[in-house]
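K.L.:
This one is my_file-v6.cif, mmCIF, C-alpha atoms.
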```cif
data_my_file
#
loop_
_atom_site.label_atom_id
_atom_site.label_comp_id
_atom_site.auth_asym_id
_atom_site.auth_seq_id
_atom_site.Cartn_x
_atom_site.Cartn_y
_atom_site.Cartn_z
CA MET P 1 104.29 116.55 88.21
CA THR P 2 107.62 117.67 89.67
CA THR P 3 110.56 115.38 88.95
CA GLU P 4 113.79 114.89 90.88
CA LEU P 5 117.06 113.51 89.56
CA VAL P 6 119.19 111.71 92.14
CA THR P 7 122.58 111.42 90.47
CA ASN P 8 126.22 110.63 91.20
CA ILE P 9 125.19 107.43 93.02
CA GLY P 10 128.36 105.46 93.61
CA GLU P 11 126.56 102.14 93.95
CA LEU P 12 122.86 101.50 93.29
CA THR P 13 121.28 98.30 94.62
CA THR P 14 117.93 97.90 92.86
CA GLN P 15 116.99 94.42 94.17
CA ASN P 16 115.53 93.43 90.83
CA ASP P 17 115.75 89.78 89.87
CA ASP P 18 119.32 89.96 88.57
CA ARG P 19 120.50 91.35 91.94
CA ASN P 20 123.15 93.41 90.15
CA ARG P 21 124.54 96.61 91.62
CA LEU P 22 124.90 99.57 89.27
CA HIS P 23 127.85 101.96 89.57
CA ASN P 24 128.03 105.65 88.70
CA ALA P 25 124.26 105.52 88.53
CA ALA P 26 121.26 107.83 88.71
CA LEU P 27 117.49 107.66 88.94
CA VAL P 28 114.60 110.03 88.34
CA ILE P 29 111.56 110.08 90.60
CA GLY P 30 108.22 111.81 90.20
CA ASP P 31 104.64 111.39 91.38
CA GLY P 32 105.87 108.96 94.03
CA ARG P 33 107.44 106.54 91.55
CA VAL P 34 110.72 105.74 89.83
CA LEU P 35 110.60 107.13 86.30
CA TRP P 36 114.10 106.25 85.05
CA ILE P 37 117.18 104.26 86.18
CA GLY P 38 120.56 104.17 84.46
CA LEU P 39 124.06 105.57 84.23
CA ALA P 40 124.53 109.06 85.61
CA ALA P 41 126.16 110.17 82.36
CA GLU P 42 122.96 109.30 80.47
CA ALA P 43 120.43 110.74 82.91
CA PRO P 44 117.61 112.91 81.54
CA ALA P 45 116.88 116.37 82.84
CA ALA P 46 114.53 116.85 85.81
CA ASP P 47 113.00 119.74 87.69
CA THR P 48 115.34 119.35 90.66
CA LYS P 49 118.66 117.60 91.14
CA THR P 50 120.17 115.87 94.17
CA ASP P 51 123.86 114.99 94.10
CA ALA P 52 124.39 111.73 95.99
CA GLY P 53 128.10 112.48 96.28
CA GLY P 54 129.19 108.95 95.40
CA ARG P 55 127.10 107.40 98.16
CA ALA P 56 125.35 104.04 97.96
CA ALA P 57 121.61 103.93 97.30
CA LEU P 58 119.22 101.05 97.88
CA PRO P 59 115.53 100.42 98.51
CA GLY P 60 114.13 101.44 101.87
CA TRP P 61 113.96 98.70 104.49
CA VAL P 62 110.78 96.64 104.62
CA ASP P 63 110.15 95.82 108.28
CA THR P 64 107.47 93.14 108.32
CA HIS P 65 107.35 92.27 112.02
CA SER P 66 106.88 94.90 114.71
CA HIS P 67 104.73 95.51 117.79
CA VAL P 68 104.89 99.30 118.13
CA VAL P 69 101.38 99.79 119.54
CA PHE P 70 101.87 99.51 123.28
CA ALA P 71 102.28 101.43 126.51
CA GLY P 72 104.60 101.00 129.45
CA ASP P 73 108.19 99.91 129.97
CA ARG P 74 109.83 96.53 130.55
CA SER P 75 113.43 97.54 131.09
CA ALA P 76 113.45 95.84 134.50
CA GLU P 77 112.53 92.57 132.81
CA PHE P 78 115.36 93.08 130.31
CA GLU P 79 117.83 93.77 133.10
CA ALA P 80 116.73 90.62 134.93
CA ARG P 81 117.09 88.58 131.75
CA MET P 82 120.61 89.87 131.24
CA ALA P 83 121.33 88.69 134.78
CA GLY P 84 120.21 85.17 133.92
CA GLN P 85 116.40 85.02 134.10
CA ALA P 86 114.88 83.07 131.21
CA TYR P 87 112.56 84.70 128.68
CA ALA P 88 108.95 83.48 128.87
CA ALA P 89 105.82 84.38 126.92
CA GLY P 90 103.97 85.43 130.09
CA GLY P 91 105.87 88.70 130.42
CA ILE P 92 103.50 90.10 127.82
CA ASN P 93 100.90 90.58 130.58
CA VAL P 94 102.92 93.53 131.94
CA THR P 95 102.49 95.37 128.66
CA VAL P 96 98.84 94.34 128.41
CA GLU P 97 98.03 96.07 131.69
CA ALA P 98 99.72 99.31 130.62
CA THR P 99 98.23 99.22 127.12
CA ARG P 100 94.69 98.78 128.41
CA ALA P 101 95.15 101.88 130.57
CA ALA P 102 96.37 104.04 127.66
CA THR P 103 94.20 106.12 125.37
CA GLU P 104 94.11 105.52 121.63
CA GLU P 105 95.86 108.86 121.13
CA GLN P 106 98.68 107.82 123.46
CA LEU P 107 99.09 104.48 121.67
CA ALA P 108 99.17 106.17 118.26
CA ALA P 109 101.70 108.75 119.47
CA THR P 110 104.07 106.08 120.77
CA ALA P 111 103.72 104.08 117.56
CA GLN P 112 104.31 107.15 115.39
CA GLY P 113 107.41 108.06 117.37
CA LEU P 114 108.84 104.60 116.78
CA ARG P 115 107.93 104.74 113.10
CA ASP P 116 109.72 108.08 112.80
CA GLU P 117 112.75 106.58 114.53
CA ALA P 118 112.72 103.64 112.09
CA GLU P 119 112.34 105.92 109.08
CA ALA P 120 115.41 107.90 110.11
CA GLN P 121 117.31 104.61 109.76
CA GLY P 122 115.98 103.83 106.29
CA THR P 123 112.72 101.97 106.97
CA THR P 124 110.09 103.00 104.42
CA PHE P 125 107.54 100.18 104.94
CA LEU P 126 106.34 99.06 108.35
CA GLU P 127 104.04 96.26 109.46
CA THR P 128 102.76 96.27 113.02
CA LYS P 129 100.41 94.21 115.14
CA THR P 130 97.76 94.42 117.77
CA GLY P 131 98.17 91.98 120.64
CA TYR P 132 98.78 94.02 123.77
CA GLY P 133 95.12 94.80 124.40
CA LEU P 134 93.68 91.27 124.56
CA ASP P 135 90.13 92.37 125.28
CA LEU P 136 87.68 93.55 122.66
CA ALA P 137 87.77 97.29 123.36
CA SER P 138 91.56 97.43 123.75
CA GLU P 139 92.25 95.38 120.61
CA VAL P 140 89.98 97.64 118.55
CA ARG P 141 91.69 100.71 119.99
CA SER P 142 95.08 99.17 119.17
CA ALA P 143 94.00 98.25 115.65
CA ARG P 144 92.84 101.79 114.91
CA ALA P 145 96.06 103.25 116.32
CA ALA P 146 98.11 100.80 114.25
CA ALA P 147 96.20 101.62 111.08
CA SER P 148 96.96 105.32 111.56
CA VAL P 149 100.70 104.64 111.60
CA ALA P 150 101.68 101.44 109.77
CA ASP P 151 101.47 100.38 106.13
CA VAL P 152 99.85 97.06 107.01
CA VAL P 153 98.37 95.83 110.29
CA THR P 154 98.24 92.31 111.70
CA TYR P 155 95.61 91.18 114.19
CA LEU P 156 97.32 89.31 117.03
CA GLY P 157 94.51 88.76 119.48
CA ALA P 158 96.01 85.28 119.90
CA HIS P 159 99.19 86.60 121.53
CA ILE P 160 98.57 84.91 124.88
CA VAL P 161 95.51 84.12 126.98
CA PRO P 162 95.22 87.14 129.28
CA ALA P 163 95.39 86.61 133.02
CA GLY P 164 92.14 85.57 134.68
CA VAL P 165 90.31 84.58 131.47
CA ASP P 166 89.06 81.10 130.62
CA ARG P 167 91.04 79.68 127.72
CA ARG P 168 88.07 78.44 125.69
CA ASP P 169 86.15 81.64 126.25
CA TYR P 170 89.11 83.67 125.05
CA LEU P 171 89.54 81.61 121.86
CA ASP P 172 85.86 82.09 121.12
CA LEU P 173 86.32 85.84 121.57
CA VAL P 174 89.43 85.98 119.36
CA THR P 175 87.81 84.03 116.54
CA GLY P 176 84.40 85.70 116.87
CA PRO P 177 83.45 89.17 118.15
CA MET P 178 87.02 90.48 118.45
CA LEU P 179 87.90 89.40 114.91
CA GLU P 180 84.75 91.00 113.56
CA ALA P 181 85.43 94.25 115.43
CA VAL P 182 89.06 94.69 114.25
CA ARG P 183 88.44 93.47 110.69
CA PRO P 184 88.04 96.98 109.15
CA TYR P 185 91.53 97.99 110.30
CA VAL P 186 93.71 94.91 109.66
CA HIS P 187 95.18 92.95 106.75
CA PHE P 188 96.59 89.80 108.38
CA ILE P 189 95.91 87.47 111.28
CA ASP P 190 98.66 85.93 113.43
CA ALA P 191 98.98 83.68 116.47
CA PHE P 192 101.80 82.93 118.90
CA CYS P 193 102.23 79.16 118.53
CA GLU P 194 104.45 78.43 121.50
CA ALA P 195 104.57 76.92 124.96
CA GLY P 196 102.89 79.42 127.27
CA ALA P 197 100.78 80.81 124.43
CA PHE P 198 98.80 78.64 121.94
CA ASP P 199 99.28 75.08 120.72
CA VAL P 200 99.07 73.92 117.13
CA GLU P 201 95.36 73.14 117.07
CA GLU P 202 94.43 76.39 118.80
CA THR P 203 96.61 78.27 116.33
CA ARG P 204 94.95 76.45 113.44
CA GLU P 205 91.53 77.48 114.74
CA VAL P 206 92.56 81.13 114.93
CA LEU P 207 94.14 81.19 111.48
CA LEU P 208 91.24 79.47 109.77
CA ALA P 209 88.83 81.98 111.31
CA GLY P 210 91.00 84.76 109.95
CA ARG P 211 91.13 83.18 106.52
CA ALA P 212 87.34 82.92 106.49
CA ALA P 213 87.24 86.66 107.27
CA GLY P 214 89.47 87.39 104.27
CA LEU P 215 92.74 88.02 106.13
CA GLY P 216 96.21 86.87 105.10
CA LEU P 217 97.87 84.36 107.41
CA ARG P 218 101.06 84.68 109.49
CA VAL P 219 102.43 82.75 112.48
CA HIS P 220 104.85 83.27 115.36
CA GLY P 221 106.47 79.85 115.39
CA ASN P 222 109.32 77.78 116.85
CA GLN P 223 110.85 80.61 118.88
CA LEU P 224 111.31 78.89 122.23
CA GLY P 225 111.21 75.28 121.07
CA PHE P 226 109.84 72.87 118.48
CA SER P 227 106.30 74.22 118.77
CA GLY P 228 104.92 72.93 115.47
CA GLY P 229 104.22 76.46 114.26
CA VAL P 230 106.51 76.20 111.26
CA ARG P 231 104.93 72.99 110.00
CA LEU P 232 101.44 74.45 110.47
CA ALA P 233 102.39 77.62 108.61
CA THR P 234 103.63 75.67 105.61
CA GLU P 235 100.58 73.40 105.68
CA LEU P 236 98.16 76.34 105.61
CA GLY P 237 100.18 78.34 103.08
CA CYS P 238 100.88 81.25 105.41
CA LEU P 239 102.75 84.16 103.87
CA SER P 240 105.25 84.12 106.73
CA VAL P 241 106.30 82.20 109.81
CA ASP P 242 108.34 84.36 112.17
CA HIS P 243 111.20 83.51 114.59
CA CYS P 244 112.12 79.95 113.41
CA ASN P 245 114.89 79.52 115.99
CA HIS P 246 114.33 75.79 116.49
CA LEU P 247 114.01 73.84 113.25
CA GLU P 248 114.12 70.13 112.57
CA PRO P 249 115.29 68.95 109.13
CA ALA P 250 111.64 68.36 108.18
CA ASP P 251 110.84 72.01 109.03
CA VAL P 252 113.61 73.22 106.73
CA ASP P 253 112.41 70.90 103.97
CA ALA P 254 108.84 72.13 104.38
CA LEU P 255 109.92 75.79 104.13
CA ALA P 256 112.06 75.03 101.09
CA GLY P 257 109.15 73.34 99.37
CA CYS P 258 106.57 76.11 99.65
CA GLY P 259 106.08 79.84 99.38
CA THR P 260 106.02 80.57 103.13
CA VAL P 261 108.77 83.02 104.10
CA ALA P 262 110.85 82.37 107.21
CA THR P 263 111.07 85.80 108.85
CA LEU P 264 114.08 85.93 111.16
CA LEU P 265 114.37 88.37 114.06
CA PRO P 266 118.04 88.63 115.08
CA ALA P 267 117.69 91.56 117.50
CA CYS P 268 115.10 89.56 119.45
CA ASP P 269 117.42 86.55 119.57
CA LEU P 270 120.18 88.67 121.07
CA SER P 271 117.84 90.16 123.66
CA THR P 272 116.31 86.82 124.69
CA ARG P 273 119.57 84.88 124.33
CA GLN P 274 117.90 82.35 122.09
CA PRO P 275 119.99 80.49 119.51
CA PHE P 276 119.96 82.19 116.13
CA PRO P 277 117.83 80.49 113.49
CA PRO P 278 119.74 78.40 110.94
CA ALA P 279 119.67 81.07 108.24
CA ARG P 280 122.46 79.55 106.19
CA ARG P 281 120.78 76.14 106.21
CA LEU P 282 117.45 77.66 105.16
CA LEU P 283 118.96 79.51 102.20
CA ASP P 284 121.06 76.57 101.08
CA ALA P 285 117.92 74.41 101.10
CA GLY P 286 116.11 76.90 98.88
CA ALA P 287 113.81 78.53 101.45
CA SER P 288 112.90 82.23 101.31
CA ILE P 289 113.90 84.35 104.29
CA ALA P 290 113.21 87.87 105.53
CA LEU P 291 114.74 89.97 108.30
CA ALA P 292 112.66 92.17 110.60
CA SER P 293 113.15 94.18 113.78
CA ASN P 294 110.40 92.67 115.99
CA CYS P 295 110.36 96.06 117.71
CA ASN P 296 108.50 95.55 121.00
CA PRO P 297 108.99 96.58 124.64
CA GLY P 298 109.74 93.12 126.00
CA SER P 299 112.12 91.19 123.80
CA SER P 300 113.44 93.48 121.03
CA TYR P 301 113.17 97.17 121.77
CA THR P 302 114.88 98.42 118.62
CA THR P 303 113.69 99.97 115.37
CA SER P 304 117.08 99.54 113.68
CA MET P 305 116.96 97.45 110.54
CA PRO P 306 120.64 98.24 109.86
CA PHE P 307 121.43 96.56 113.19
CA CYS P 308 119.45 93.50 112.11
CA VAL P 309 121.26 93.37 108.77
CA ALA P 310 124.67 93.66 110.43
CA THR P 311 123.80 90.96 112.97
CA ALA P 312 122.61 88.61 110.22
CA VAL P 313 125.95 89.00 108.45
CA LEU P 314 128.23 88.91 111.49
CA GLN P 315 126.41 86.26 113.54
CA MET P 316 124.09 84.25 111.28
CA GLY P 317 126.30 83.39 108.31
CA LEU P 318 124.57 85.46 105.63
CA THR P 319 126.48 87.32 102.96
CA LEU P 320 125.92 91.05 102.72
CA ASP P 321 123.84 90.64 99.55
CA GLU P 322 121.68 87.97 101.20
CA ALA P 323 121.04 90.05 104.30
CA VAL P 324 120.15 93.21 102.37
CA TRP P 325 117.86 91.19 100.09
CA ALA P 326 116.16 89.62 103.14
CA ALA P 327 115.51 93.09 104.59
CA THR P 328 114.08 94.48 101.34
CA ARG P 329 112.84 92.25 98.49
CA GLY P 330 112.67 89.10 100.62
CA ALA P 331 110.72 90.95 103.27
CA ALA P 332 108.31 92.26 100.64
CA LYS P 333 107.39 88.65 99.84
CA ALA P 334 106.52 88.09 103.52
CA VAL P 335 103.67 90.61 103.22
CA GLY P 336 102.64 89.81 99.65
CA ARG P 337 104.13 93.03 98.25
CA GLU P 338 106.94 91.62 96.11
CA HIS P 339 105.17 92.30 92.79
CA GLY P 340 102.58 94.66 91.36
CA ALA P 341 101.99 98.39 91.32
CA ASP P 342 102.46 98.73 95.07
CA ALA P 343 105.49 96.44 95.34
CA VAL P 344 108.09 97.44 97.92
CA GLY P 345 111.67 96.38 98.56
CA SER P 346 112.97 97.03 95.04
CA LEU P 347 113.66 99.93 92.71
CA HIS P 348 112.39 99.64 89.14
CA VAL P 349 110.84 101.92 86.54
CA GLY P 350 107.19 102.40 87.43
CA GLY P 351 107.69 101.19 90.99
CA LEU P 352 107.35 103.11 94.23
CA ALA P 353 110.17 105.57 94.97
CA ASP P 354 111.06 104.19 98.41
CA LEU P 355 114.81 104.55 98.74
CA GLN P 356 117.67 105.49 101.00
CA LEU P 357 121.17 106.90 100.64
CA LEU P 358 123.93 105.66 102.89
CA ASN P 359 126.77 107.80 104.11
CA ALA P 360 129.05 105.15 102.64
CA PRO P 361 130.23 104.12 99.15
CA THR P 362 128.77 100.61 99.31
CA VAL P 363 126.18 98.58 101.21
CA ALA P 364 129.05 96.50 102.60
CA HIS P 365 129.52 99.26 105.19
CA LEU P 366 126.26 98.20 106.86
CA ALA P 367 128.14 95.25 108.38
CA TYR P 368 131.68 96.56 107.94
CA ARG P 369 130.86 99.46 110.30
CA PRO P 370 128.27 97.94 112.66
CA GLY P 371 126.46 100.31 114.97
CA VAL P 372 127.47 103.42 113.04
CA PRO P 373 124.51 105.57 111.88
CA LEU P 374 124.95 105.50 108.10
CA THR P 375 121.57 106.76 106.86
CA HIS P 376 122.12 109.95 104.86
CA ALA P 377 118.69 110.51 103.30
CA VAL P 378 115.37 108.68 102.92
CA TRP P 379 112.58 109.06 100.35
CA ARG P 380 109.18 107.43 100.87
CA ARG P 381 106.89 107.43 97.84
CA GLY P 382 109.14 110.04 96.28
CA ILE P 383 108.99 112.48 99.19
CA ARG P 384 112.16 113.27 101.12
CA ARG P 385 111.22 112.04 104.57
CA TRP P 386 114.51 112.36 106.36
CA ALA P 387 117.85 114.03 105.79
CA PRO P 388 120.62 115.23 108.11
CA ALA P 389 120.50 118.76 109.39
CA ALA P 390 122.30 121.24 107.14
#
```
In structure tokens, write the structure found in this file.
P.N.:
Amino acid sequence: MTTELVTNIGELTTQNDDRNRLHNAALVIGDGRVLWIGLAAEAPAADTKTDAGGRAALPGWVDTHSHVVFAGDRSAEFEARMAGQAYAAGGINVTVEATRAATEEQLAATAQGLRDEAEAQGTTFLETKTGYGLDLASEVRSARAAASVADVVTYLGAHIVPAGVDRRDYLDLVTGPMLEAVRPYVHFIDAFCEAGAFDVEETREVLLAGRAAGLGLRVHGNQLGFSGGVRLATELGCLSVDHCNHLEPADVDALAGCGTVATLLPACDLSTRQPFPPARRLLDAGASIALASNCNPGSSYTTSMPFCVATAVLQMGLTLDEAVWAATRGAAKAVGREHGADAVGSLHVGGLADLQLLNAPTVAHLAYRPGVPLTHAVWRRGIRRWAPAA
């Protein structure tokens, strides 16, 4: 085993339970894991040494909501929305048509390119979904492409009812043959519980079928209105309910009283001009939150988790510590990876060596200097995945 000492870290954010930041710190990594953490002056010897130059280090971003398996372009739709056209779920059909026409190799190549782009900005764990195929063959092709790129894959056959298909027939497909066909490649099941997509009872049917197949549960909920998705997610014990723009007091209370994570998608809210979710209210009530990119071609075409963190601080009322936690350790909870040997979103002895160095002395610069590319280096499972050109 070859070991590497990363030393002269000006500020080390570990995201362990005490949430403390260490100064003048160092860590040793080897065999994909963190072997030692402490003061730089007390660091043990290692086979190689990397001088962090006083930069800040923190866990890699955990992006738990993306849709990077797709084909086509929807920039015209974006331009129209910026000119005043409202966002609606039905725009997904444009991407469905292009995705069905693409090969599996093309889908995987696009997804890998987006993953590489995300990794260069500090993302070391990526979830992605199916949901732009919406017929059996295309969803299987999408699931295989996703599994070749992402750390975990979510089955989103219940994205919308595709054009020209009977609603009941499609639900039977999603909960039957399509679910069975994608099952070898996916970890979670999801449904878009929203006007123009699926109602509460249809969403319940989809999720219960997924649970019976052994999948974890997630929901797109309360993005465009009070859809009931949040309440359903808390009732069924979903790991995560994503969007959460429109919340009644009872929704906030339900999230605060259970383990379901509210995953917030600020880049999407900017692009669709939806109101931001009440992040401050959720945290003050005791709910768990995560931040994610929602990278997709229609409503959030960005892979930048630093942008999401900065937006959460500058526009949503989170402190810097809260936003960074929500994009790392909080996000890990949203995919059931907060604890255990394969936990992500934190740095601790024995844990995975997924970390990033910022070209800044403190994580505060993520919001203090919004839009500035601050990623200096990224390690994923102990391997240097990205660094600036010499």
K.L.:
Counting all atoms listed in the file, which residues in stretch 124-240 of chain P sit no more than 8 Å from stretch 111-115 of chain P? For each one, give the nearest pair of atoms and the distance in Å, sorted by chain then residue number, as a Markdown table.
P.N.:
```
| residue | atom | partner | partner_atom | distance |
| --- | --- | --- | --- | --- |
| P:Leu126 | CA | P:Arg115 | CA | 7.6 |
| P:Ala145 | CA | P:Ala111 | CA | 7.8 |
| P:Ala146 | CA | P:Ala111 | CA | 7.3 |
| P:Val149 | CA | P:Gln112 | CA | 5.8 |
| P:Ala150 | CA | P:Arg115 | CA | 7.8 |
```
K.L.:
With all atoms listed in the file as the atoms that count, which of P:Ala109, P:Ala285, P:Leu352, P:Ala367 lies nearest to P:Asp31?
P.N.:
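Answer, going by the shortest atom-to-atom distance: P:Leu352.
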K.L.:
Would you kindly translate the PyMOL selection byres ((chain P and resi 62) around 9) into the concrete residues it picks from this file, as a count of residues only?
P.N.:
22
K.L.:
What lies within 10 Å of P:Thr375 using all atoms listed in the file, ignoring chain neighbours under 5 positions off, as a PyMOL selection string?
P.N.:
chain P and resi 57+119-122+306+356-360+366+386-388
K.L.:
Mind checking which residues fall within 6 Å of stretch 153-167 of chain P, counting only C-alpha atoms, ignoring those fewer than 4 positions away in the same chain, and posting them as a list of chain:residue names?
P.N.:
P:Glu127, P:Thr128, P:Lys129, P:Thr130, P:Gly131, P:Leu134, P:Val174, P:Val186, P:His187, P:Phe188, P:Ile189, P:Asp190, P:Ala191, P:Phe192, P:Ala197
K.L.:
Atom CA of P:Val335 and atom CA of P:Gly91, how far apart in Å?
P.N.:
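Those two atoms sit 27.4 Å apart.
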K.L.:
Please expand the PyMOL selection byres ((chain P and resi 369) around 12) into the concrete residues it hits in this file, giving the result as a compact mmCIF listing (two decimals) with C-alpha atoms, keeping the file's coordinate frame.
P.N.:
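Heads up, here's the output in out12.txt:
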```txt
# COMPACT_ATOMS: atom_id res chain seq x y z
CA PRO P 306 120.64 98.24 109.86
CA PHE P 307 121.43 96.56 113.19
CA VAL P 309 121.26 93.37 108.77
CA ALA P 310 124.67 93.66 110.43
CA THR P 311 123.80 90.96 112.97
CA VAL P 313 125.95 89.00 108.45
CA LEU P 314 128.23 88.91 111.49
CA LEU P 358 123.93 105.66 102.89
CA ASN P 359 126.77 107.80 104.11
CA ALA P 360 129.05 105.15 102.64
CA THR P 362 128.77 100.61 99.31
CA VAL P 363 126.18 98.58 101.21
CA ALA P 364 129.05 96.50 102.60
CA HIS P 365 129.52 99.26 105.19
CA LEU P 366 126.26 98.20 106.86
CA ALA P 367 128.14 95.25 108.38
CA TYR P 368 131.68 96.56 107.94
CA PRO P 370 128.27 97.94 112.66
CA GLY P 371 126.46 100.31 114.97
CA VAL P 372 127.47 103.42 113.04
CA PRO P 373 124.51 105.57 111.88
CA LEU P 374 124.95 105.50 108.10
```
K.L.:
From the set P:Gly196, P:Gly10, P:Gly133, P:Gly221, which residue has the shortest atom-to-atom contact distance to P:Met178, counting all atoms listed in the file?
P.N.:
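Using all atoms listed in the file, P:Met178 sits closest to P:Gly133.
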K.L.:
Just to confirm, what's the straight-line distance from atom CA of P:Gly72 to atom CA of P:Arg273 in Å (one decimal)?
P.N.:
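Those two atoms sit 22.6 Å apart.
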K.L.:
Could you give me, as a list in words, the residues within 8 Å of P:Ala209, counting all atoms listed in the file and dropping anything in the same chain fewer than 4 positions from it?
P.N.:
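Result of the neighbour search: Thr175, Glu205 and Ala213 of chain P.
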K.L.:
Using all atoms listed in the file, pick whichever of P:Arg81, P:Arg21, P:Arg381, P:Arg141 has the shortest atom-to-atom distance to P:Ala101.
P.N.:
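Of P:Arg81, P:Arg21, P:Arg381, P:Arg141, the one nearest P:Ala101, counting all atoms listed in the file, is P:Arg141.
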K.L.:
Just to confirm, what's the straight-line distance from atom CA of P:Tyr87 to atom CA of P:Ser66 in Å (one decimal)?
P.N.:
18.2 Å
K.L.:
Go through P:Gly259, P:Pro184, P:Gly84, P:Pro275 one by one, measure the shortest atom-to-atom distance of each to P:Ile289 using all atoms listed in the file, and give the residue with the smallest value.
P.N.:
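The answer is P:Gly259, which sits nearest to P:Ile289.
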K.L.:
Select, from P:Asn16, P:Thr260, P:Asn296, P:Gln106, the residue with the minimum atom-to-atom distance to P:Tyr132, counting all atoms listed in the file.
P.N.:
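Closest residue, counting all atoms listed in the file: P:Asn296.
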K.L.:
Hey, what comes out of the PyMOL selection byres ((chain P and resi 281) around 12) on this file? Could you write it as a ChimeraX atom specification?
P.N.:
/P:244-245,247-249,251-253,255-256,262,276-280,282-289,316-318
K.L.:
Which of these, P:Arg33, P:Arg211, P:His339, P:His243, has the shortest distance to P:Glu194 once you count all atoms listed in the file?
P.N.:
P:His243
K.L.:
Identify the residues around (104.9, 75.2, 117.3) within a radius of 7 Å, measuring from only C-alpha atoms in the coordinates stated by the file, and give them as an MDAnalysis selection string.
P.N.:
chainID P and resid 193:194 199:200 221:222 226:230
K.L.:
Using only the atoms of stretch 109-116 of chain P listed in the file, plus 5 Å on each side, state the axis-aligned box centre and edge lengths in Å rounded to one decimal, as lines of an AutoDock Vina configuration file.
P.N.:
```
center_x = 105.7
center_y = 106.4
center_z = 116.8
size_x = 18.0
size_y = 14.7
size_z = 18.0
```
K.L.:
Which neighbours of P:Leu58 fall inside 6 Å, counting all atoms listed in the file, when residues of the same chain fewer than 3 positions from it are skipped, and could you give them as a VMD selection string?
P.N.:
chain P and resid 12 to 13 355 to 356
K.L.:
Rebuild stretch 65-76 of chain P so that it carries N, CA, C and O atoms, then output the result as a PDB file, keeping the file's coordinate frame.
P.N.:
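The resulting selection.pdb:
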```pdb
ATOM      1  N   HIS P  65     107.752  92.827 110.723  1.00  0.00           N
ATOM      2  CA  HIS P  65     107.350  92.270 112.020  1.00  0.00           C
ATOM      3  C   HIS P  65     107.703  93.277 113.103  1.00  0.00           C
ATOM      4  O   HIS P  65     108.866  93.430 113.494  1.00  0.00           O
ATOM      5  N   SER P  66     106.667  93.981 113.590  1.00  0.00           N
ATOM      6  CA  SER P  66     106.880  94.900 114.710  1.00  0.00           C
ATOM      7  C   SER P  66     105.643  94.908 115.581  1.00  0.00           C
ATOM      8  O   SER P  66     104.551  94.506 115.167  1.00  0.00           O
ATOM      9  N   HIS P  67     105.822  95.371 116.810  1.00  0.00           N
ATOM     10  CA  HIS P  67     104.730  95.510 117.790  1.00  0.00           C
ATOM     11  C   HIS P  67     104.858  96.903 118.411  1.00  0.00           C
ATOM     12  O   HIS P  67     105.202  97.040 119.583  1.00  0.00           O
ATOM     13  N   VAL P  68     104.616  97.948 117.634  1.00  0.00           N
ATOM     14  CA  VAL P  68     104.890  99.300 118.130  1.00  0.00           C
ATOM     15  C   VAL P  68     103.684  99.946 118.814  1.00  0.00           C
ATOM     16  O   VAL P  68     103.802 101.066 119.311  1.00  0.00           O
ATOM     17  N   VAL P  69     102.548  99.252 118.853  1.00  0.00           N
ATOM     18  CA  VAL P  69     101.380  99.790 119.540  1.00  0.00           C
ATOM     19  C   VAL P  69     101.327  99.207 120.949  1.00  0.00           C
ATOM     20  O   VAL P  69     100.888  98.080 121.169  1.00  0.00           O
ATOM     21  N   PHE P  70     101.809  99.987 121.897  1.00  0.00           N
ATOM     22  CA  PHE P  70     101.870  99.510 123.280  1.00  0.00           C
ATOM     23  C   PHE P  70     102.054 100.707 124.198  1.00  0.00           C
ATOM     24  O   PHE P  70     102.318 101.828 123.762  1.00  0.00           O
ATOM     25  N   ALA P  71     101.951 100.443 125.476  1.00  0.00           N
ATOM     26  CA  ALA P  71     102.280 101.430 126.510  1.00  0.00           C
ATOM     27  C   ALA P  71     103.134 100.748 127.560  1.00  0.00           C
ATOM     28  O   ALA P  71     103.154  99.518 127.667  1.00  0.00           O
ATOM     29  N   GLY P  72     103.820 101.549 128.354  1.00  0.00           N
ATOM     30  CA  GLY P  72     104.600 101.000 129.450  1.00  0.00           C
ATOM     31  C   GLY P  72     106.039 100.692 129.092  1.00  0.00           C
ATOM     32  O   GLY P  72     106.498 100.930 127.978  1.00  0.00           O
ATOM     33  N   ASP P  73     106.746 100.142 130.069  1.00  0.00           N
ATOM     34  CA  ASP P  73     108.190  99.910 129.970  1.00  0.00           C
ATOM     35  C   ASP P  73     108.517  98.566 130.615  1.00  0.00           C
ATOM     36  O   ASP P  73     107.920  98.204 131.639  1.00  0.00           O
ATOM     37  N   ARG P  74     109.425  97.822 129.984  1.00  0.00           N
ATOM     38  CA  ARG P  74     109.830  96.530 130.550  1.00  0.00           C
ATOM     39  C   ARG P  74     111.343  96.427 130.677  1.00  0.00           C
ATOM     40  O   ARG P  74     111.938  95.363 130.537  1.00  0.00           O
ATOM     41  N   SER P  75     111.972  97.561 130.956  1.00  0.00           N
ATOM     42  CA  SER P  75     113.430  97.540 131.090  1.00  0.00           C
ATOM     43  C   SER P  75     113.885  96.722 132.280  1.00  0.00           C
ATOM     44  O   SER P  75     114.967  96.114 132.255  1.00  0.00           O
ATOM     45  N   ALA P  76     113.068  96.666 133.341  1.00  0.00           N
ATOM     46  CA  ALA P  76     113.450  95.840 134.500  1.00  0.00           C
ATOM     47  C   ALA P  76     113.485  94.367 134.115  1.00  0.00           C
ATOM     48  O   ALA P  76     114.371  93.619 134.555  1.00  0.00           O
TER      49      ALA P  76
END
```
